[in-house]
$ cat structure_38.cif   # mmCIF, C-alpha atoms and all ligand atoms
data_my_file
loop_
_atom_site.label_atom_id
_atom_site.label_comp_id
_atom_site.auth_asym_id
_atom_site.auth_seq_id
_atom_site.Cartn_x
_atom_site.Cartn_y
_atom_site.Cartn_z
CA MET A 1 45.98 41.38 173.06
CA LEU A 2 48.84 42.88 171.02
CA LYS A 3 50.61 39.52 170.99
CA SER A 4 47.46 37.67 169.88
CA ALA A 5 46.85 40.08 167.00
CA HIS A 6 50.50 39.94 165.93
CA ASN A 7 50.62 36.14 166.08
CA LEU A 8 47.53 35.88 163.94
CA VAL A 9 48.92 38.28 161.34
CA LYS A 10 52.21 36.34 161.35
CA SER A 11 50.56 32.97 160.86
CA VAL A 12 48.29 34.22 158.07
CA GLY A 13 51.31 36.01 156.53
CA LYS A 14 53.09 32.63 156.40
CA LYS A 15 50.11 31.10 154.59
CA LEU A 16 50.35 33.93 152.08
CA LYS A 17 54.10 33.25 151.80
CA LEU A 18 54.97 36.80 152.87
CA ASP A 19 58.60 37.17 153.98
CA ASP A 20 59.39 38.14 157.59
CA ALA A 21 60.48 41.67 156.68
CA THR A 22 57.15 42.36 154.95
CA VAL A 23 55.19 41.07 157.94
CA GLU A 24 57.30 43.07 160.41
CA LYS A 25 56.72 46.20 158.31
CA LEU A 26 52.98 45.51 158.28
CA LEU A 27 52.88 45.28 162.05
CA LYS A 28 54.82 48.47 162.72
CA ALA A 29 52.88 51.69 163.19
CA ASP A 30 53.73 54.67 161.00
CA ALA A 31 53.65 57.05 163.99
CA GLU A 32 52.98 57.00 167.74
CA HIS A 33 52.05 60.17 169.62
CA GLN A 34 52.21 60.13 173.43
CA PHE A 35 51.54 63.18 175.56
CA GLU A 36 50.21 64.41 178.91
CA ILE A 37 47.06 66.47 179.23
CA SER A 38 46.90 68.83 182.23
CA LEU A 39 43.57 70.27 183.26
CA LYS A 40 43.15 73.66 184.96
CA SER A 41 42.22 71.76 188.13
CA GLY A 42 45.72 70.25 188.19
CA LYS A 43 44.57 66.75 187.15
CA GLN A 44 46.91 65.11 184.64
CA PHE A 45 46.26 62.28 182.18
CA LYS A 46 48.31 60.23 179.74
CA ALA A 47 47.08 60.42 176.15
CA TYR A 48 47.88 58.60 172.91
CA ARG A 49 47.27 58.51 169.18
CA VAL A 50 48.78 55.68 167.15
CA GLN A 51 48.67 55.98 163.35
CA HIS A 52 49.19 52.48 162.04
CA SER A 53 48.80 52.56 158.25
CA ASN A 54 47.57 55.01 155.62
CA LYS A 55 48.37 52.83 152.63
CA LEU A 56 44.71 52.63 151.55
CA GLY A 57 43.61 56.15 152.62
CA PRO A 58 43.64 58.59 155.56
CA TYR A 59 44.13 57.06 159.01
CA LYS A 60 40.78 56.33 160.65
CA GLY A 61 40.04 55.27 164.21
CA GLY A 62 38.22 56.05 167.43
CA ILE A 63 39.29 57.73 170.65
CA ARG A 64 38.53 55.99 173.95
CA PHE A 65 38.48 57.43 177.46
CA HIS A 66 39.08 54.58 179.90
CA PRO A 67 41.23 53.95 183.00
CA ARG A 68 42.82 50.87 181.34
CA VAL A 69 44.03 52.73 178.23
CA ASN A 70 47.76 52.23 177.61
CA LEU A 71 50.11 52.40 174.65
CA ASP A 72 50.02 48.65 173.97
CA GLU A 73 46.24 48.61 173.83
CA ILE A 74 46.10 51.63 171.51
CA ARG A 75 48.75 50.07 169.26
CA THR A 76 46.74 46.87 168.96
CA LEU A 77 43.50 48.68 168.29
CA ALA A 78 45.20 50.84 165.63
CA THR A 79 46.51 47.70 163.92
CA LEU A 80 43.04 46.11 164.09
CA MET A 81 41.59 49.26 162.47
CA SER A 82 43.96 48.97 159.49
CA LEU A 83 43.03 45.30 159.14
CA LYS A 84 39.32 46.12 159.48
CA THR A 85 39.18 48.93 156.90
CA ALA A 86 41.20 46.78 154.49
CA ALA A 87 39.12 43.63 155.11
CA VAL A 88 35.83 45.39 154.34
CA GLY A 89 37.27 47.21 151.32
CA LEU A 90 37.22 50.83 152.52
CA PRO A 91 39.67 53.39 151.10
CA LEU A 92 40.86 54.24 154.62
CA GLY A 93 43.78 53.39 156.87
CA GLY A 94 43.91 52.60 160.58
CA SER A 95 44.65 54.53 163.78
CA LYS A 96 43.41 54.70 167.36
CA GLY A 97 43.57 57.16 170.23
CA GLY A 98 42.85 57.24 173.90
CA VAL A 99 43.23 58.92 177.26
CA THR A 100 43.88 57.01 180.48
CA VAL A 101 40.98 58.42 182.45
CA ASP A 102 37.77 57.37 184.10
CA PRO A 103 35.43 59.97 182.62
CA LYS A 104 32.85 59.28 185.35
CA VAL A 105 35.04 61.17 187.84
CA LEU A 106 35.22 64.30 185.66
CA THR A 107 32.75 67.17 185.72
CA GLN A 108 31.14 68.08 182.38
CA ASP A 109 33.45 71.12 182.14
CA GLU A 110 36.52 68.95 182.76
CA LEU A 111 35.37 66.45 180.11
CA GLU A 112 35.07 69.29 177.58
CA GLU A 113 38.48 70.70 178.59
CA LEU A 114 40.07 67.24 178.23
CA SER A 115 38.50 66.73 174.79
CA ARG A 116 39.62 70.13 173.52
CA LYS A 117 43.16 69.72 174.89
CA TYR A 118 43.46 66.30 173.24
CA VAL A 119 42.89 68.09 169.90
CA GLN A 120 45.31 70.92 170.75
CA HIS A 121 48.11 68.38 171.13
CA LEU A 122 47.30 66.57 167.89
CA GLN A 123 46.09 69.34 165.59
CA SER A 124 48.97 69.10 163.11
CA HIS A 125 48.65 65.31 162.79
CA ILE A 126 44.90 65.02 162.14
CA GLY A 127 42.50 66.38 159.51
CA PRO A 128 40.12 65.24 156.75
CA ALA A 129 42.89 63.94 154.48
CA LYS A 130 45.32 62.85 157.24
CA ASP A 131 43.65 61.17 160.20
CA VAL A 132 39.94 61.23 160.99
CA PRO A 133 39.03 60.36 164.61
CA ALA A 134 35.66 59.00 165.80
CA PRO A 135 34.05 57.95 169.10
CA ASP A 136 34.88 54.70 170.91
CA VAL A 137 34.38 53.46 174.47
CA ASN A 138 33.12 56.32 176.71
CA THR A 139 33.28 58.94 173.97
CA ASN A 140 30.26 60.12 172.00
CA ALA A 141 28.80 62.66 169.58
CA GLN A 142 29.04 65.48 172.14
CA ILE A 143 32.77 64.85 172.57
CA MET A 144 33.27 64.76 168.78
CA ASP A 145 31.37 68.08 168.51
CA TRP A 146 33.74 69.70 171.05
CA MET A 147 36.73 68.22 169.25
CA ILE A 148 35.76 69.39 165.77
CA ASP A 149 34.92 72.84 167.12
CA GLU A 150 38.40 73.03 168.70
CA TYR A 151 40.03 71.76 165.51
CA GLN A 152 38.17 74.32 163.37
CA ASN A 153 39.10 77.18 165.74
CA LEU A 154 42.76 76.18 165.86
CA THR A 155 43.36 75.44 162.19
CA GLY A 156 40.74 77.52 160.37
CA ASN A 157 39.85 74.37 158.43
CA LEU A 158 36.06 74.41 158.54
CA SER A 159 35.52 71.07 156.79
CA GLN A 160 33.12 68.83 158.70
CA ALA A 161 35.06 65.83 157.42
CA SER A 162 37.79 66.06 160.09
CA PHE A 163 35.86 63.97 162.68
CA THR A 164 33.06 61.43 162.36
CA GLY A 165 30.44 60.26 164.85
CA LYS A 166 29.36 63.89 165.34
CA SER A 167 25.84 64.94 166.27
CA LEU A 168 23.44 65.52 163.38
CA THR A 169 23.58 69.28 163.93
CA SER A 170 27.39 69.27 163.57
CA GLY A 171 27.37 67.23 160.34
CA GLY A 172 26.93 63.71 161.72
CA SER A 173 25.27 61.00 159.67
CA GLU A 174 21.88 59.44 160.08
CA GLY A 175 22.29 55.85 161.23
CA ARG A 176 25.78 56.25 162.81
CA ASP A 177 24.62 55.57 166.40
CA GLU A 178 23.22 52.16 165.59
CA ALA A 179 25.64 51.29 162.76
CA THR A 180 27.90 48.85 164.61
CA GLY A 181 24.99 46.92 166.10
CA ARG A 182 23.11 46.93 162.80
CA GLY A 183 26.23 45.73 160.96
CA GLY A 184 26.50 42.88 163.47
CA VAL A 185 22.93 41.77 162.76
CA ILE A 186 23.60 41.84 159.00
CA ALA A 187 26.82 39.85 159.49
CA LEU A 188 25.10 37.16 161.56
CA ARG A 189 22.09 36.95 159.23
CA GLU A 190 24.36 36.57 156.18
CA LEU A 191 26.58 33.96 157.80
CA LEU A 192 23.59 31.87 158.84
CA MET A 193 22.33 32.05 155.27
CA LEU A 194 25.70 31.18 153.71
CA GLN A 195 26.38 28.32 156.07
CA GLY A 196 22.81 27.11 155.89
CA LEU A 197 23.22 26.83 159.65
CA SER A 198 20.40 25.41 161.62
CA LEU A 199 20.90 26.91 165.05
CA GLN A 200 17.30 26.80 166.09
CA HIS A 201 16.68 25.55 169.55
CA LYS A 202 15.15 22.11 169.83
CA GLY A 203 13.14 22.47 166.64
CA ASP A 204 11.15 25.49 167.81
CA GLN A 205 12.47 27.64 164.93
CA VAL A 206 13.75 30.28 167.32
CA LEU A 207 17.37 31.39 167.54
CA ARG A 208 18.15 32.13 171.18
CA PHE A 209 20.81 34.76 171.78
CA ALA A 210 22.51 36.57 174.67
CA VAL A 211 24.31 39.93 174.61
CA GLN A 212 27.26 40.67 176.90
CA GLY A 213 27.51 44.46 177.31
CA PHE A 214 24.39 46.53 176.72
CA GLY A 215 26.00 49.85 175.75
CA ASN A 216 25.77 51.47 172.34
CA VAL A 217 26.80 48.41 170.33
CA GLY A 218 25.13 45.61 172.30
CA SER A 219 21.79 47.40 172.78
CA ASN A 220 21.58 48.41 169.12
CA PHE A 221 22.37 44.87 168.00
CA ALA A 222 19.49 43.61 170.17
CA ILE A 223 17.09 46.38 169.08
CA VAL A 224 17.75 45.93 165.35
CA ALA A 225 17.37 42.14 165.80
CA GLU A 226 14.06 42.71 167.59
CA GLN A 227 12.82 44.92 164.74
CA GLU A 228 14.04 42.86 161.81
CA GLN A 229 14.56 39.24 162.89
CA PRO A 230 11.32 37.92 164.37
CA ASN A 231 12.79 34.44 164.89
CA TRP A 232 15.69 35.62 167.03
CA LYS A 233 14.94 35.71 170.75
CA LEU A 234 16.99 37.70 173.27
CA ILE A 235 17.12 35.62 176.45
CA ALA A 236 19.90 37.35 178.38
CA ALA A 237 21.77 40.65 178.53
CA SER A 238 24.50 41.91 180.83
CA ASP A 239 26.35 45.01 181.94
CA SER A 240 29.45 45.26 184.12
CA GLY A 241 27.38 44.50 187.26
CA ALA A 242 24.83 41.80 186.38
CA THR A 243 23.25 39.46 183.85
CA ILE A 244 19.50 39.43 183.42
CA PHE A 245 17.95 36.25 182.11
CA ASP A 246 14.51 35.12 180.95
CA SER A 247 14.18 31.95 178.89
CA GLU A 248 10.84 33.24 177.55
CA GLY A 249 12.56 36.26 176.02
CA LEU A 250 13.38 39.86 176.91
CA SER A 251 12.35 43.05 175.11
CA ALA A 252 15.49 44.79 173.86
CA SER A 253 13.85 48.18 173.52
CA SER A 254 12.44 48.01 177.08
CA LEU A 255 15.85 46.98 178.42
CA ALA A 256 17.54 49.87 176.61
CA ALA A 257 14.94 52.27 178.08
CA PHE A 258 15.54 50.75 181.56
CA LYS A 259 19.33 51.18 181.20
CA LYS A 260 18.90 54.81 180.20
CA GLN A 261 16.65 55.51 183.15
CA ALA A 262 17.98 53.30 185.98
CA GLY A 263 21.51 52.66 184.78
CA ARG A 264 22.15 49.21 186.26
CA PHE A 265 20.84 45.75 185.40
CA SER A 266 21.42 44.69 189.02
CA GLN A 267 18.30 46.71 189.88
CA TYR A 268 16.12 45.05 187.21
CA LYS A 269 13.00 43.46 188.70
CA ASN A 270 11.24 41.69 185.80
CA ALA A 271 13.69 38.82 185.16
CA GLN A 272 16.18 36.63 186.93
CA VAL A 273 19.34 38.56 187.94
CA LEU A 274 22.63 36.61 187.80
CA ASN A 275 26.25 37.68 188.18
CA SER A 276 27.85 39.61 185.35
CA ASP A 277 29.95 36.72 183.95
CA ALA A 278 27.07 34.20 184.01
CA ILE A 279 26.03 35.34 180.55
CA LEU A 280 29.15 33.77 179.04
CA PHE A 281 28.16 30.27 180.12
CA LEU A 282 24.47 30.10 179.20
CA GLU A 283 23.11 27.51 176.79
CA VAL A 284 22.31 29.72 173.82
CA ASP A 285 22.55 29.42 170.07
CA VAL A 286 24.44 32.71 169.74
CA LEU A 287 26.52 34.63 172.26
CA VAL A 288 27.17 38.25 171.29
CA LEU A 289 30.23 39.80 172.95
CA ALA A 290 29.74 43.57 173.00
CA ALA A 291 31.63 44.73 176.12
CA LEU A 292 35.42 44.86 176.23
CA GLU A 293 38.46 42.80 175.19
CA ASP A 294 39.40 39.44 176.74
CA ALA A 295 35.91 38.36 177.82
CA ILE A 296 36.70 34.72 176.94
CA THR A 297 40.18 33.51 177.81
CA ASN A 298 41.93 30.29 178.90
CA LYS A 299 40.41 30.86 182.35
CA ASN A 300 36.78 30.43 181.31
CA MET A 301 36.71 29.02 177.74
CA GLN A 302 35.77 25.51 178.83
CA GLN A 303 32.49 26.70 180.30
CA VAL A 304 31.20 28.32 177.09
CA LYS A 305 28.13 26.52 175.70
CA ALA A 306 27.09 28.79 172.84
CA ARG A 307 27.16 27.32 169.35
CA LEU A 308 28.18 30.52 167.58
CA ILE A 309 29.90 33.62 168.97
CA VAL A 310 29.64 37.10 167.50
CA GLU A 311 32.63 39.30 168.34
CA LEU A 312 31.18 42.81 168.37
CA ALA A 313 33.71 44.21 170.84
CA ASN A 314 37.32 44.44 169.72
CA GLY A 315 39.34 41.38 170.71
CA PRO A 316 36.87 39.81 173.18
CA ILE A 317 38.35 36.29 172.74
CA ASN A 318 42.04 35.74 173.39
CA GLU A 319 44.31 33.62 171.21
CA THR A 320 44.24 30.43 173.30
CA ALA A 321 40.48 30.56 173.71
CA TYR A 322 40.04 31.20 170.01
CA GLY A 323 41.95 28.02 169.15
CA TYR A 324 40.04 26.03 171.76
CA LEU A 325 36.63 27.19 170.52
CA ALA A 326 37.57 26.49 166.89
CA LYS A 327 38.57 22.91 167.83
CA LYS A 328 35.26 22.46 169.63
CA GLY A 329 33.46 23.46 166.42
CA ILE A 330 32.14 26.75 167.79
CA THR A 331 32.01 29.28 164.95
CA VAL A 332 33.28 32.77 165.75
CA LEU A 333 32.21 35.72 163.61
CA PRO A 334 35.38 37.82 163.86
CA ASP A 335 35.55 41.38 165.19
CA ILE A 336 37.32 42.94 162.23
CA ILE A 337 34.36 42.15 159.99
CA THR A 338 31.46 41.92 162.42
CA ASN A 339 31.92 45.30 164.10
CA ALA A 340 32.93 47.16 160.93
CA GLY A 341 29.46 48.75 160.64
CA GLY A 342 30.68 51.70 162.72
CA VAL A 343 33.63 52.52 160.52
CA ILE A 344 31.60 51.90 157.35
CA VAL A 345 29.01 54.51 158.38
CA SER A 346 31.84 56.79 159.58
CA TYR A 347 33.20 56.50 156.05
CA LEU A 348 29.73 57.38 154.67
CA GLU A 349 29.62 60.40 157.04
CA TRP A 350 33.05 61.52 155.79
CA LEU A 351 31.86 61.19 152.16
CA GLN A 352 28.71 63.21 152.92
CA ASN A 353 30.76 65.93 154.66
CA LYS A 354 33.27 66.16 151.82
CA ALA A 355 30.47 66.49 149.23
CA ASP A 356 28.37 68.72 151.51
CA GLU A 357 25.48 66.27 151.28
CA ARG A 358 22.97 64.79 153.74
CA TRP A 359 21.76 61.27 153.09
CA THR A 360 18.58 59.75 154.45
CA ARG A 361 18.77 56.97 157.04
CA ALA A 362 17.40 54.58 154.40
CA LYS A 363 20.23 55.41 151.98
CA VAL A 364 22.87 55.05 154.72
CA ASN A 365 21.43 51.69 155.80
CA THR A 366 21.32 50.43 152.21
CA GLU A 367 24.99 51.34 151.68
CA LEU A 368 25.94 49.72 155.01
CA GLU A 369 24.04 46.59 154.04
CA GLN A 370 25.91 46.35 150.74
CA TYR A 371 29.37 46.73 152.32
CA MET A 372 28.59 44.16 155.02
CA ILE A 373 27.10 41.59 152.62
CA LYS A 374 30.10 41.86 150.30
CA ALA A 375 32.58 41.58 153.19
CA ILE A 376 30.92 38.54 154.77
CA SER A 377 30.57 36.80 151.44
CA GLU A 378 34.28 37.36 150.60
CA VAL A 379 35.39 36.16 154.04
CA TYR A 380 33.15 33.12 153.87
CA LYS A 381 34.40 32.17 150.38
CA THR A 382 38.05 32.59 151.42
CA SER A 383 37.48 30.58 154.59
CA SER A 384 35.75 27.70 152.78
CA SER A 385 38.10 27.54 149.80
CA GLN A 386 41.30 27.65 151.90
CA ASN A 387 40.11 25.83 154.99
CA LEU A 388 40.70 28.80 157.30
CA THR A 389 38.73 30.09 160.27
CA LEU A 390 36.64 33.16 159.46
CA LYS A 391 39.13 35.32 161.38
CA GLU A 392 42.11 33.97 159.43
CA ALA A 393 40.17 34.53 156.20
CA ALA A 394 39.35 38.14 157.15
CA ILE A 395 43.00 38.80 157.97
CA MET A 396 44.09 37.17 154.73
CA LEU A 397 41.84 39.50 152.72
CA ALA A 398 43.19 42.47 154.65
CA LEU A 399 46.85 41.48 154.22
CA LYS A 400 46.38 41.02 150.48
CA ARG A 401 45.15 44.61 150.26
CA LEU A 402 47.80 46.00 152.60
CA THR A 403 50.85 44.45 150.87
P1 LIG B 501 29.76 51.43 175.61
O1 LIG B 501 30.64 52.10 176.60
O2 LIG B 501 28.56 52.16 175.08
O3 LIG B 501 29.20 50.03 176.19
C1 LIG B 501 29.97 49.09 176.80
C2 LIG B 501 29.06 48.28 177.73
O4 LIG B 501 29.78 47.17 178.21
C3 LIG B 501 28.55 49.05 178.95
O5 LIG B 501 27.16 48.81 179.08
C4 LIG B 501 29.27 48.37 180.14
O6 LIG B 501 28.49 48.31 181.31
C5 LIG B 501 29.47 46.98 179.57
N1 LIG B 501 30.54 46.22 180.23
C6 LIG B 501 31.78 46.58 180.60
N2 LIG B 501 32.41 45.54 181.18
C7 LIG B 501 31.53 44.51 181.18
C8 LIG B 501 31.57 43.17 181.63
N3 LIG B 501 32.65 42.68 182.23
N4 LIG B 501 30.48 42.38 181.45
C9 LIG B 501 29.37 42.86 180.85
N5 LIG B 501 29.27 44.13 180.39
C10 LIG B 501 30.33 44.93 180.56
O7 LIG B 501 30.73 50.99 174.43
P2 LIG B 501 30.35 50.57 172.96
O8 LIG B 501 30.52 51.74 172.06
O9 LIG B 501 29.06 49.84 172.97
O10 LIG B 501 31.55 49.56 172.62
C11 LIG B 501 31.54 48.21 173.05
C12 LIG B 501 32.68 47.47 172.34
O11 LIG B 501 32.48 47.55 170.93
C13 LIG B 501 34.08 48.01 172.59
O12 LIG B 501 34.98 46.92 172.60
C14 LIG B 501 34.36 48.89 171.39
O13 LIG B 501 35.74 49.03 171.12
C15 LIG B 501 33.67 48.06 170.32
N6 LIG B 501 33.30 48.82 169.13
C16 LIG B 501 32.49 49.91 169.22
C17 LIG B 501 32.14 50.57 168.06
C18 LIG B 501 31.16 51.72 168.10
O14 LIG B 501 30.73 52.14 167.01
N7 LIG B 501 30.77 52.22 169.25
C19 LIG B 501 32.64 50.15 166.82
C20 LIG B 501 33.47 49.02 166.77
C21 LIG B 501 33.79 48.36 167.94
#

$ encode --input "structure_38.cif" --output "structure tokens"
Amino acid sequence: MLKSAHNLVKSVGKKLKLDDATVEKLLKADAEHQFEISLKSGKQFKAYRVQHSNKLGPYKGGIRFHPRVNLDEIRTLATLMSLKTAAVGLPLGGSKGGVTVDPKVLTQDELEELSRKYVQHLQSHIGPAKDVPAPDVNTNAQIMDWMIDEYQNLTGNLSQASFTGKSLTSGGSEGRDEATGRGGVIALRELLMLQGLSLQHKGDQVLRFAVQGFGNVGSNFAIVAEQEQPNWKLIAASDSGATIFDSEGLSASSLAAFKKQAGRFSQYKNAQVLNSDAILFLEVDVLVLAALEDAITNKNMQQVKARLIVELANGPINETAYGYLAKKGITVLPDIITNAGGVIVSYLEWLQNKADERWTRAKVNTELEQYMIKAISEVYKTSSSQNLTLKEAAIMLALKRLT
């Protein structure tokens, strides 16, 4: 994934006539922190924080707990964060953190110990004006609450603006949980409007979509679509074990309730159950990728039948597949714009914390809407006027702001 992201930045840099030294400088992280976390039980884990760029404001980026976390992945995600904050016009930089751990094998006490120790190692490098972490895969508001509590105890800095994605009682923002999914719905709605795209299935005025990955981002995308887009129909959803499919339509809110209660789609009884990857190859108008990176690669790209793909996960389509899909005329709404809703509302949380304010959900959603509409419109204009893919256009906007 690192190579794909770098190649894309290099090729767009060429189009902008940036010299090699400027591009190399853009790709290099400002700082990389690597350390080991030892728990009282004797378990040890590798941990990272990469601070890519603070040219536009404090570093900003999530922390993920996942067995596949490694330095290369965190580097790439930190670079993508700088590109994302720049592309959507936020006064923030980019960073990312992670621990190589499967949190499912930890007890609740061990998870808290791990979260607090992560902050102990990094306390002098983070803070409201330096680097503001947030949740990512397998981390959540509870983990942010432990982390900010640890940071406040260690440093005496009681500002709530040192972490975002906190619970409401610890200074979190209304609307943060659903922000990335909601931002994705706004992005798709705006693109369809700008392109005047007619994706409706066989004249029945319904846009049929499928969501790979029904965690925070995927389920909220589907729920917001269900509430606000009556002509969009969810016909399939997947998790890491199964795809569930019903051509007549599925209820996103019922599926989210089922996931919370039963955990696995493989046990779902009210629709057809297919294997996990089957979702990628369904005949749909829109395929939403909301699981992990590299979902579509050279190995499976030829089987994709969707007409438009929404990248809500980070880097779910690899470089070769991206080129192949573009040639086939499949539009891809790129990750750095489409999933920016999370960092936009994180930014709004940080602003509220700094000003000691609490905004209503309606105000947060209105601000999110405005940032997303502006970003999509700028990307679309750049893409049309310079004959670039939407991803190249998003990167071009970001590079202009970062150089
Ligand atoms: P999550 O852990 O809540 O959900 C991930 C879901 O993906 C889980 O339901 C899991 O079962 C599923 N999954 C994993 N492998 C799968 C596979 N092979 N096929 C189908 N499903 C699979 O995580 P999340 O917060 O929803 O994040 C999802 C993606 O969105 C990640 O790439 C993350 O980096 C990105 N993202 C998240 C945010 C945010 O605000 N949470 C913001 C920007 C980007």

$ closest_residue --input "structure_38.cif" --among "A:Val310, A:Ala375, A:Ala29, A:Leu106" --to "ligand LIG 501 (chain B)" --atoms "all atoms listed in the file"
A:Val310

$ atom_distance --input "structure_38.cif" --atom1 "atom CA of Ile223 of chain A" --atom2 "atom CA of Gly175 of chain A"
13.4 Å

$ residues_around --input "structure_38.cif" --residues "segment 377-390 of chain A" --least-positions-apart "6" --cutoff "8 Å" --atoms "only C-alpha atoms" --output "mmCIF file with C-alpha atoms, in the frame of the given file"
data_model
loop_
_atom_site.group_PDB
_atom_site.id
_atom_site.type_symbol
_atom_site.label_atom_id
_atom_site.label_comp_id
_atom_site.auth_asym_id
_atom_site.auth_seq_id
_atom_site.Cartn_x
_atom_site.Cartn_y
_atom_site.Cartn_z
ATOM 1 C CA GLU A 190 24.360 36.570 156.180
ATOM 2 C CA LEU A 191 26.580 33.960 157.800
ATOM 3 C CA LEU A 194 25.700 31.180 153.710
ATOM 4 C CA ALA A 326 37.570 26.490 166.890
ATOM 5 C CA VAL A 332 33.280 32.770 165.750
ATOM 6 C CA LEU A 333 32.210 35.720 163.610
ATOM 7 C CA PRO A 334 35.380 37.820 163.860
ATOM 8 C CA LEU A 397 41.840 39.500 152.720
#

$ residues_around --input "structure_38.cif" --residues "segment 107-118 of chain A" --least-positions-apart "4" --cutoff "8 Å" --atoms "all atoms listed in the file" --output "PyMOL selection string"
chain A and resi 37+39+47+103+122+143+146-147+150

$ closest_atom_pairs --input "structure_38.cif" --of "segment 285-366 of chain A" --to "segment 65-74 of chain A" --cutoff "12 Å" --atoms "only C-alpha atoms" --output "JSON lines"
{"residue": "A:Leu292", "atom": "CA", "partner": "A:Arg68", "partner_atom": "CA", "distance": 10.8}
{"residue": "A:Glu293", "atom": "CA", "partner": "A:Glu73", "partner_atom": "CA", "distance": 9.8}
{"residue": "A:Asp294", "atom": "CA", "partner": "A:Glu73", "partner_atom": "CA", "distance": 11.8}
{"residue": "A:Asn314", "atom": "CA", "partner": "A:Glu73", "partner_atom": "CA", "distance": 10.7}
{"residue": "A:Gly315", "atom": "CA", "partner": "A:Glu73", "partner_atom": "CA", "distance": 10.5}

$ closest_residue --input "structure_38.cif" --among "A:Lys259, A:Arg358, A:Lys17, A:Lys233" --to "ligand LIG 501 (chain B)" --atoms "all atoms listed in the file"
A:Lys259

$ atom_distance --input "structure_38.cif" --atom1 "atom CA of Gly94 of chain A" --atom2 "atom CA of Gly341 of chain A"
15.0 Å

$ closest_residue --input "structure_38.cif" --among "A:Tyr322, A:Gly171, A:Ser162, A:Glu283" --to "Asp356 of chain A" --atoms "all atoms listed in the file"
A:Gly171

$ closest_residue --input "structure_38.cif" --among "A:Glu349, A:Glu357, A:Glu392, A:Glu178" --to "ligand LIG 501 (chain B)" --atoms "all atoms listed in the file"
A:Glu178

$ closest_residue --input "structure_38.cif" --among "A:Lys374, A:Lys260, A:Lys28, A:Lys354" --to "ligand LIG 501 (chain B)" --atoms "all atoms listed in the file"
A:Lys260

$ atom_distance --input "structure_38.cif" --atom1 "atom CA of Val364 of chain A" --atom2 "atom CA of Trp232 of chain A"
24.1 Å

$ residues_around --input "structure_38.cif" --residues "Ile344 of chain A" --least-positions-apart "6" --cutoff "10 Å" --atoms "only C-alpha atoms" --output "number ranges by chain"
A: 84-85, 88-90, 92, 176, 179-180, 183, 350, 364, 367-369, 371-372

$ residues_around --input "structure_38.cif" --residues "Gln123 of chain A" --least-positions-apart "3" --cutoff "12 Å" --atoms "only C-alpha atoms" --output "VMD selection string"
chain A and resid 33 49 116 to 120 126 to 128 130 to 133 147 to 157 162 to 163

$ write_last_selection --input "structure_38.cif" --atoms "C-alpha atoms" --output "PDB file, in the frame of the given file"
ATOM      1  CA  HIS A  33      52.050  60.170 169.620  1.00  0.00           C
ATOM      2  CA  ARG A  49      47.270  58.510 169.180  1.00  0.00           C
ATOM      3  CA  ARG A 116      39.620  70.130 173.520  1.00  0.00           C
ATOM      4  CA  LYS A 117      43.160  69.720 174.890  1.00  0.00           C
ATOM      5  CA  TYR A 118      43.460  66.300 173.240  1.00  0.00           C
ATOM      6  CA  VAL A 119      42.890  68.090 169.900  1.00  0.00           C
ATOM      7  CA  GLN A 120      45.310  70.920 170.750  1.00  0.00           C
ATOM      8  CA  ILE A 126      44.900  65.020 162.140  1.00  0.00           C
ATOM      9  CA  GLY A 127      42.500  66.380 159.510  1.00  0.00           C
ATOM     10  CA  PRO A 128      40.120  65.240 156.750  1.00  0.00           C
ATOM     11  CA  LYS A 130      45.320  62.850 157.240  1.00  0.00           C
ATOM     12  CA  ASP A 131      43.650  61.170 160.200  1.00  0.00           C
ATOM     13  CA  VAL A 132      39.940  61.230 160.990  1.00  0.00           C
ATOM     14  CA  PRO A 133      39.030  60.360 164.610  1.00  0.00           C
ATOM     15  CA  MET A 147      36.730  68.220 169.250  1.00  0.00           C
ATOM     16  CA  ILE A 148      35.760  69.390 165.770  1.00  0.00           C
ATOM     17  CA  ASP A 149      34.920  72.840 167.120  1.00  0.00           C
ATOM     18  CA  GLU A 150      38.400  73.030 168.700  1.00  0.00           C
ATOM     19  CA  TYR A 151      40.030  71.760 165.510  1.00  0.00           C
ATOM     20  CA  GLN A 152      38.170  74.320 163.370  1.00  0.00           C
ATOM     21  CA  ASN A 153      39.100  77.180 165.740  1.00  0.00           C
ATOM     22  CA  LEU A 154      42.760  76.180 165.860  1.00  0.00           C
ATOM     23  CA  THR A 155      43.360  75.440 162.190  1.00  0.00           C
ATOM     24  CA  GLY A 156      40.740  77.520 160.370  1.00  0.00           C
ATOM     25  CA  ASN A 157      39.850  74.370 158.430  1.00  0.00           C
ATOM     26  CA  SER A 162      37.790  66.060 160.090  1.00  0.00           C
ATOM     27  CA  PHE A 163      35.860  63.970 162.680  1.00  0.00           C
TER      28      PHE A 163
END

$ closest_residue --input "structure_38.cif" --among "A:Met396, A:Ile337, A:Leu192, A:Leu348" --to "ligand LIG 501 (chain B)" --atoms "all atoms listed in the file"
A:Ile337

$ residues_near_point --input "structure_38.cif" --point "(49.3, 45.8, 160.4)" --cutoff "10 Å" --atoms "all atoms listed in the file" --output "list in words"
Ala5, His6, Val9, Lys10, Val23, Glu24, Lys25, Leu26, Leu27, Lys28, Ala29, Asp30, His52, Ser53, Arg75, Thr76, Ala78, Thr79, Leu80, Met81, Ser82, Leu83, Gly94, Ile395, Ala398, Leu399, Leu402 and Thr403 of chain A

$ residues_near_point --input "structure_38.cif" --point "(41.9, 59.5, 153.3)" --cutoff "6 Å" --atoms "all atoms listed in the file" --output "ChimeraX atom specification"
/A:57-58,92,129
